[in-house]
Amino acid sequence: MIDSLPGLNACLNALSAVLLIMGYRFIRSGNREAHRKTMLTAFGVSVVFLISYLVFHAARGAVYFQGTGLIRAVYLTILGTHTVLAAAVPVLAIITLRRGLKGMNAKHKKIARWTLPIWMYVSVTGVVVYWMLYQM
């Protein structure tokens, strides 16, 4: 079961990215209720991801990339940016959601302009990191 968690995590990251795109499209079209529900779902998916990620690494420890040469440099660059930005996503997401749910629309919009691309990058690069670690 534990060994299936990286694949699950990649799926959760991919689902989060899809939900973020949907949420963005909903708000751009003026559908605030669908936006709210979709973004709360994206947050919930990300929470499940984080729990699964922590359970896997508590059980298995670190997983090291086996590639060498240029591909290793590419992997480490992606992993480094992913890791730094992933640390910011929970804080940004909570602040953004809180402001949106409290109706602080101007403040919500201001931080969402930063949160969305960072969260999207982390979700997509999470899938890339999985692919590079487990599928290459």
# chains A, B, ... in the order shown; residues from 1 in each chain; ligands from 1
>>> closest_atom_pairs(of="segment 6-89 of chain A", to="segment 93-110 of chain A", cutoff="9 Å", atoms="only C-alpha atoms", output="CSV")
residue,atom,partner,partner_atom,distance
A:Arg36,CA,A:Leu101,CA,8.1
A:Met39,CA,A:Leu97,CA,8.0
A:Leu40,CA,A:Leu97,CA,7.7
A:Phe43,CA,A:Ala93,CA,7.4
A:Ala88,CA,A:Ala93,CA,8.5
A:Val89,CA,A:Ala93,CA,5.7
>>> residues_around(residues="Leu8 of chain A", least_positions_apart="5", cutoff="12 Å", atoms="only C-alpha atoms", output="MDAnalysis selection string")
chainID A and resid 1:3 13:15 45:46 48:53 56 126:127 130
>>> write_last_selection(atoms="N, CA, C and O atoms", output="mmCIF file, in the first residue's frame")
data_model
loop_
_atom_site.group_PDB
_atom_site.id
_atom_site.type_symbol
_atom_site.label_atom_id
_atom_site.label_comp_id
_atom_site.auth_asym_id
_atom_site.auth_seq_id
_atom_site.Cartn_x
_atom_site.Cartn_y
_atom_site.Cartn_z
ATOM 1 N N MET A 1 0.817 -1.199 0.000
ATOM 2 C CA MET A 1 0.000 0.000 0.000
ATOM 3 C C MET A 1 0.861 1.263 0.000
ATOM 4 O O MET A 1 0.600 2.170 -0.771
ATOM 5 N N ILE A 2 1.854 1.301 0.868
ATOM 6 C CA ILE A 2 2.724 2.471 0.949
ATOM 7 C C ILE A 2 3.383 2.747 -0.400
ATOM 8 O O ILE A 2 3.509 3.898 -0.817
ATOM 9 N N ASP A 3 3.769 1.691 -1.093
ATOM 10 C CA ASP A 3 4.467 1.864 -2.366
ATOM 11 C C ASP A 3 3.575 2.434 -3.469
ATOM 12 O O ASP A 3 4.083 2.895 -4.495
ATOM 13 N N ASN A 13 -1.782 15.682 -7.368
ATOM 14 C CA ASN A 13 -1.189 16.910 -7.902
ATOM 15 C C ASN A 13 -1.816 17.286 -9.234
ATOM 16 O O ASN A 13 -2.131 18.457 -9.475
ATOM 17 N N ALA A 14 -1.994 16.308 -10.108
ATOM 18 C CA ALA A 14 -2.606 16.570 -11.410
ATOM 19 C C ALA A 14 -4.049 17.051 -11.232
ATOM 20 O O ALA A 14 -4.475 18.014 -11.894
ATOM 21 N N LEU A 15 -4.786 16.413 -10.342
ATOM 22 C CA LEU A 15 -6.167 16.829 -10.079
ATOM 23 C C LEU A 15 -6.211 18.245 -9.524
ATOM 24 O O LEU A 15 -7.067 19.053 -9.916
ATOM 25 N N VAL A 45 -8.016 18.587 -1.918
ATOM 26 C CA VAL A 45 -7.164 17.627 -2.638
ATOM 27 C C VAL A 45 -5.707 17.830 -2.240
ATOM 28 O O VAL A 45 -4.968 16.861 -2.027
ATOM 29 N N SER A 46 -5.297 19.074 -2.103
ATOM 30 C CA SER A 46 -3.913 19.365 -1.717
ATOM 31 C C SER A 46 -3.624 18.928 -0.283
ATOM 32 O O SER A 46 -2.513 18.474 0.020
ATOM 33 N N VAL A 48 -5.116 16.347 1.213
ATOM 34 C CA VAL A 48 -4.993 14.886 1.121
ATOM 35 C C VAL A 48 -3.621 14.519 0.557
ATOM 36 O O VAL A 48 -2.962 13.586 1.045
ATOM 37 N N PHE A 49 -3.172 15.254 -0.470
ATOM 38 C CA PHE A 49 -1.836 15.027 -1.014
ATOM 39 C C PHE A 49 -0.784 15.154 0.085
ATOM 40 O O PHE A 49 0.090 14.302 0.226
ATOM 41 N N LEU A 50 -0.824 16.239 0.839
ATOM 42 C CA LEU A 50 0.193 16.486 1.858
ATOM 43 C C LEU A 50 0.215 15.362 2.897
ATOM 44 O O LEU A 50 1.290 14.893 3.286
ATOM 45 N N ILE A 51 -0.944 14.902 3.307
ATOM 46 C CA ILE A 51 -1.009 13.796 4.271
ATOM 47 C C ILE A 51 -0.381 12.542 3.662
ATOM 48 O O ILE A 51 0.457 11.885 4.290
ATOM 49 N N SER A 52 -0.752 12.225 2.439
ATOM 50 C CA SER A 52 -0.216 11.039 1.765
ATOM 51 C C SER A 52 1.296 11.153 1.576
ATOM 52 O O SER A 52 2.033 10.183 1.786
ATOM 53 N N TYR A 53 1.761 12.324 1.204
ATOM 54 C CA TYR A 53 3.190 12.568 1.002
ATOM 55 C C TYR A 53 3.953 12.341 2.315
ATOM 56 O O TYR A 53 4.990 11.677 2.339
ATOM 57 N N PHE A 56 4.017 8.605 3.262
ATOM 58 C CA PHE A 56 4.970 7.861 2.443
ATOM 59 C C PHE A 56 6.401 8.094 2.923
ATOM 60 O O PHE A 56 7.163 7.144 3.127
ATOM 61 N N GLY A 126 5.143 18.810 -9.316
ATOM 62 C CA GLY A 126 5.001 17.602 -8.502
ATOM 63 C C GLY A 126 4.811 16.371 -9.372
ATOM 64 O O GLY A 126 5.398 15.316 -9.123
ATOM 65 N N VAL A 127 4.027 16.509 -10.425
ATOM 66 C CA VAL A 127 3.832 15.405 -11.371
ATOM 67 C C VAL A 127 5.133 15.123 -12.125
ATOM 68 O O VAL A 127 5.517 13.966 -12.320
ATOM 69 N N TYR A 130 7.548 13.289 -9.862
ATOM 70 C CA TYR A 130 7.132 11.882 -9.775
ATOM 71 C C TYR A 130 7.582 11.121 -11.023
ATOM 72 O O TYR A 130 8.162 10.042 -10.928
#
>>> select_by_dssp(residues="segment 34-74 of chain A", states="alpha helix (DSSP H)", output="PyMOL selection string")
chain A and resi 34-60+70-74
>>> residues_around(residues="segment 72-82 of chain A", least_positions_apart="2", cutoff="8 Å", atoms="only C-alpha atoms", output="ChimeraX atom specification")
/A:65-70,84-86,121-122,125-126,129,132
>>> atom_distance(atom1="atom CA of Val47 of chain A", atom2="atom CA of His35 of chain A")
18.3 Å
>>> closest_residue(among="A:Ala62, A:Ala87, A:Ile21, A:His57", to="Asn9 of chain A", atoms="only C-alpha atoms")
A:His57
>>> decode(residues="segment 94-126 of chain A", atoms="N, CA, C and O atoms", output="PDB file, in the first residue's frame")
ATOM      1  N   ILE A  94      -4.081  29.279   2.328  1.00  0.00           N
ATOM      2  CA  ILE A  94      -4.934  29.563   3.491  1.00  0.00           C
ATOM      3  C   ILE A  94      -5.304  31.037   3.542  1.00  0.00           C
ATOM      4  O   ILE A  94      -6.470  31.397   3.757  1.00  0.00           O
ATOM      5  N   ILE A  95      -4.338  31.912   3.340  1.00  0.00           N
ATOM      6  CA  ILE A  95      -4.624  33.353   3.341  1.00  0.00           C
ATOM      7  C   ILE A  95      -5.603  33.699   2.221  1.00  0.00           C
ATOM      8  O   ILE A  95      -6.571  34.443   2.425  1.00  0.00           O
ATOM      9  N   THR A  96      -5.354  33.162   1.030  1.00  0.00           N
ATOM     10  CA  THR A  96      -6.207  33.455  -0.117  1.00  0.00           C
ATOM     11  C   THR A  96      -7.624  32.950   0.116  1.00  0.00           C
ATOM     12  O   THR A  96      -8.601  33.684  -0.117  1.00  0.00           O
ATOM     13  N   LEU A  97      -7.751  31.714   0.581  1.00  0.00           N
ATOM     14  CA  LEU A  97      -9.080  31.162   0.857  1.00  0.00           C
ATOM     15  C   LEU A  97      -9.794  31.937   1.951  1.00  0.00           C
ATOM     16  O   LEU A  97     -10.982  32.242   1.840  1.00  0.00           O
ATOM     17  N   ARG A  98      -9.081  32.258   2.988  1.00  0.00           N
ATOM     18  CA  ARG A  98      -9.677  33.004   4.105  1.00  0.00           C
ATOM     19  C   ARG A  98     -10.238  34.335   3.634  1.00  0.00           C
ATOM     20  O   ARG A  98     -11.367  34.702   3.950  1.00  0.00           O
ATOM     21  N   ARG A  99      -9.456  35.057   2.848  1.00  0.00           N
ATOM     22  CA  ARG A  99      -9.912  36.354   2.339  1.00  0.00           C
ATOM     23  C   ARG A  99     -11.123  36.202   1.419  1.00  0.00           C
ATOM     24  O   ARG A  99     -12.048  37.001   1.476  1.00  0.00           O
ATOM     25  N   GLY A 100     -11.099  35.177   0.580  1.00  0.00           N
ATOM     26  CA  GLY A 100     -12.234  34.948  -0.308  1.00  0.00           C
ATOM     27  C   GLY A 100     -13.490  34.589   0.462  1.00  0.00           C
ATOM     28  O   GLY A 100     -14.574  35.113   0.180  1.00  0.00           O
ATOM     29  N   LEU A 101     -13.369  33.708   1.442  1.00  0.00           N
ATOM     30  CA  LEU A 101     -14.526  33.262   2.211  1.00  0.00           C
ATOM     31  C   LEU A 101     -15.092  34.372   3.091  1.00  0.00           C
ATOM     32  O   LEU A 101     -16.286  34.368   3.398  1.00  0.00           O
ATOM     33  N   LYS A 102     -14.251  35.320   3.495  1.00  0.00           N
ATOM     34  CA  LYS A 102     -14.709  36.434   4.321  1.00  0.00           C
ATOM     35  C   LYS A 102     -15.238  37.600   3.483  1.00  0.00           C
ATOM     36  O   LYS A 102     -15.613  38.635   4.029  1.00  0.00           O
ATOM     37  N   GLY A 103     -15.210  37.433   2.163  1.00  0.00           N
ATOM     38  CA  GLY A 103     -15.718  38.489   1.294  1.00  0.00           C
ATOM     39  C   GLY A 103     -14.777  39.667   1.132  1.00  0.00           C
ATOM     40  O   GLY A 103     -15.190  40.742   0.696  1.00  0.00           O
ATOM     41  N   MET A 104     -13.521  39.460   1.458  1.00  0.00           N
ATOM     42  CA  MET A 104     -12.515  40.518   1.303  1.00  0.00           C
ATOM     43  C   MET A 104     -11.986  40.453  -0.135  1.00  0.00           C
ATOM     44  O   MET A 104     -10.836  40.100  -0.375  1.00  0.00           O
ATOM     45  N   ASN A 105     -12.876  40.772  -1.072  1.00  0.00           N
ATOM     46  CA  ASN A 105     -12.611  40.486  -2.476  1.00  0.00           C
ATOM     47  C   ASN A 105     -11.383  41.180  -3.043  1.00  0.00           C
ATOM     48  O   ASN A 105     -10.623  40.563  -3.794  1.00  0.00           O
ATOM     49  N   ALA A 106     -11.155  42.442  -2.714  1.00  0.00           N
ATOM     50  CA  ALA A 106      -9.982  43.152  -3.248  1.00  0.00           C
ATOM     51  C   ALA A 106      -8.691  42.511  -2.727  1.00  0.00           C
ATOM     52  O   ALA A 106      -7.750  42.283  -3.501  1.00  0.00           O
ATOM     53  N   LYS A 107      -8.648  42.203  -1.436  1.00  0.00           N
ATOM     54  CA  LYS A 107      -7.463  41.565  -0.862  1.00  0.00           C
ATOM     55  C   LYS A 107      -7.311  40.131  -1.376  1.00  0.00           C
ATOM     56  O   LYS A 107      -6.192  39.674  -1.607  1.00  0.00           O
ATOM     57  N   HIS A 108      -8.425  39.442  -1.545  1.00  0.00           N
ATOM     58  CA  HIS A 108      -8.400  38.083  -2.087  1.00  0.00           C
ATOM     59  C   HIS A 108      -7.807  38.094  -3.492  1.00  0.00           C
ATOM     60  O   HIS A 108      -6.906  37.299  -3.803  1.00  0.00           O
ATOM     61  N   LYS A 109      -8.302  38.982  -4.315  1.00  0.00           N
ATOM     62  CA  LYS A 109      -7.833  39.058  -5.702  1.00  0.00           C
ATOM     63  C   LYS A 109      -6.349  39.414  -5.763  1.00  0.00           C
ATOM     64  O   LYS A 109      -5.594  38.846  -6.560  1.00  0.00           O
ATOM     65  N   LYS A 110      -5.921  40.309  -4.899  1.00  0.00           N
ATOM     66  CA  LYS A 110      -4.527  40.746  -4.894  1.00  0.00           C
ATOM     67  C   LYS A 110      -3.573  39.592  -4.582  1.00  0.00           C
ATOM     68  O   LYS A 110      -2.558  39.413  -5.265  1.00  0.00           O
ATOM     69  N   ILE A 111      -3.888  38.789  -3.579  1.00  0.00           N
ATOM     70  CA  ILE A 111      -2.992  37.673  -3.235  1.00  0.00           C
ATOM     71  C   ILE A 111      -3.196  36.486  -4.171  1.00  0.00           C
ATOM     72  O   ILE A 111      -2.256  35.739  -4.446  1.00  0.00           O
ATOM     73  N   ALA A 112      -4.421  36.307  -4.684  1.00  0.00           N
ATOM     74  CA  ALA A 112      -4.696  35.187  -5.593  1.00  0.00           C
ATOM     75  C   ALA A 112      -3.848  35.283  -6.858  1.00  0.00           C
ATOM     76  O   ALA A 112      -3.498  34.260  -7.451  1.00  0.00           O
ATOM     77  N   ARG A 113      -3.506  36.496  -7.258  1.00  0.00           N
ATOM     78  CA  ARG A 113      -2.645  36.681  -8.439  1.00  0.00           C
ATOM     79  C   ARG A 113      -1.260  36.073  -8.228  1.00  0.00           C
ATOM     80  O   ARG A 113      -0.564  35.768  -9.191  1.00  0.00           O
ATOM     81  N   TRP A 114      -0.853  35.934  -6.992  1.00  0.00           N
ATOM     82  CA  TRP A 114       0.419  35.277  -6.670  1.00  0.00           C
ATOM     83  C   TRP A 114       0.200  33.802  -6.349  1.00  0.00           C
ATOM     84  O   TRP A 114       0.969  32.941  -6.764  1.00  0.00           O
ATOM     85  N   THR A 115      -0.845  33.524  -5.601  1.00  0.00           N
ATOM     86  CA  THR A 115      -1.095  32.158  -5.154  1.00  0.00           C
ATOM     87  C   THR A 115      -1.346  31.214  -6.322  1.00  0.00           C
ATOM     88  O   THR A 115      -0.773  30.118  -6.365  1.00  0.00           O
ATOM     89  N   LEU A 116      -2.192  31.614  -7.258  1.00  0.00           N
ATOM     90  CA  LEU A 116      -2.555  30.717  -8.358  1.00  0.00           C
ATOM     91  C   LEU A 116      -1.350  30.232  -9.157  1.00  0.00           C
ATOM     92  O   LEU A 116      -1.167  29.014  -9.300  1.00  0.00           O
ATOM     93  N   PRO A 117      -0.488  31.119  -9.678  1.00  0.00           N
ATOM     94  CA  PRO A 117       0.625  30.592 -10.468  1.00  0.00           C
ATOM     95  C   PRO A 117       1.624  29.771  -9.651  1.00  0.00           C
ATOM     96  O   PRO A 117       2.183  28.795 -10.163  1.00  0.00           O
ATOM     97  N   ILE A 118       1.822  30.137  -8.392  1.00  0.00           N
ATOM     98  CA  ILE A 118       2.745  29.367  -7.549  1.00  0.00           C
ATOM     99  C   ILE A 118       2.161  27.992  -7.270  1.00  0.00           C
ATOM    100  O   ILE A 118       2.845  26.967  -7.407  1.00  0.00           O
ATOM    101  N   TRP A 119       0.901  27.944  -6.889  1.00  0.00           N
ATOM    102  CA  TRP A 119       0.232  26.682  -6.597  1.00  0.00           C
ATOM    103  C   TRP A 119       0.189  25.801  -7.849  1.00  0.00           C
ATOM    104  O   TRP A 119       0.442  24.596  -7.784  1.00  0.00           O
ATOM    105  N   MET A 120      -0.091  26.411  -8.988  1.00  0.00           N
ATOM    106  CA  MET A 120      -0.124  25.668 -10.258  1.00  0.00           C
ATOM    107  C   MET A 120       1.256  25.095 -10.578  1.00  0.00           C
ATOM    108  O   MET A 120       1.385  23.930 -10.953  1.00  0.00           O
ATOM    109  N   TYR A 121       2.291  25.909 -10.430  1.00  0.00           N
ATOM    110  CA  TYR A 121       3.650  25.442 -10.693  1.00  0.00           C
ATOM    111  C   TYR A 121       4.000  24.254  -9.800  1.00  0.00           C
ATOM    112  O   TYR A 121       4.555  23.255 -10.260  1.00  0.00           O
ATOM    113  N   VAL A 122       3.659  24.360  -8.531  1.00  0.00           N
ATOM    114  CA  VAL A 122       3.957  23.279  -7.588  1.00  0.00           C
ATOM    115  C   VAL A 122       3.181  22.013  -7.956  1.00  0.00           C
ATOM    116  O   VAL A 122       3.738  20.904  -7.915  1.00  0.00           O
ATOM    117  N   SER A 123       1.940  22.159  -8.329  1.00  0.00           N
ATOM    118  CA  SER A 123       1.138  20.986  -8.711  1.00  0.00           C
ATOM    119  C   SER A 123       1.706  20.304  -9.952  1.00  0.00           C
ATOM    120  O   SER A 123       1.855  19.081  -9.981  1.00  0.00           O
ATOM    121  N   VAL A 124       2.035  21.085 -10.965  1.00  0.00           N
ATOM    122  CA  VAL A 124       2.555  20.511 -12.212  1.00  0.00           C
ATOM    123  C   VAL A 124       3.947  19.927 -12.005  1.00  0.00           C
ATOM    124  O   VAL A 124       4.232  18.811 -12.448  1.00  0.00           O
ATOM    125  N   THR A 125       4.815  20.652 -11.320  1.00  0.00           N
ATOM    126  CA  THR A 125       6.163  20.114 -11.112  1.00  0.00           C
ATOM    127  C   THR A 125       6.153  18.922 -10.172  1.00  0.00           C
ATOM    128  O   THR A 125       7.046  18.069 -10.240  1.00  0.00           O
ATOM    129  N   GLY A 126       5.143  18.810  -9.316  1.00  0.00           N
ATOM    130  CA  GLY A 126       5.001  17.602  -8.502  1.00  0.00           C
ATOM    131  C   GLY A 126       4.811  16.371  -9.372  1.00  0.00           C
ATOM    132  O   GLY A 126       5.398  15.316  -9.123  1.00  0.00           O
TER     133      GLY A 126
END
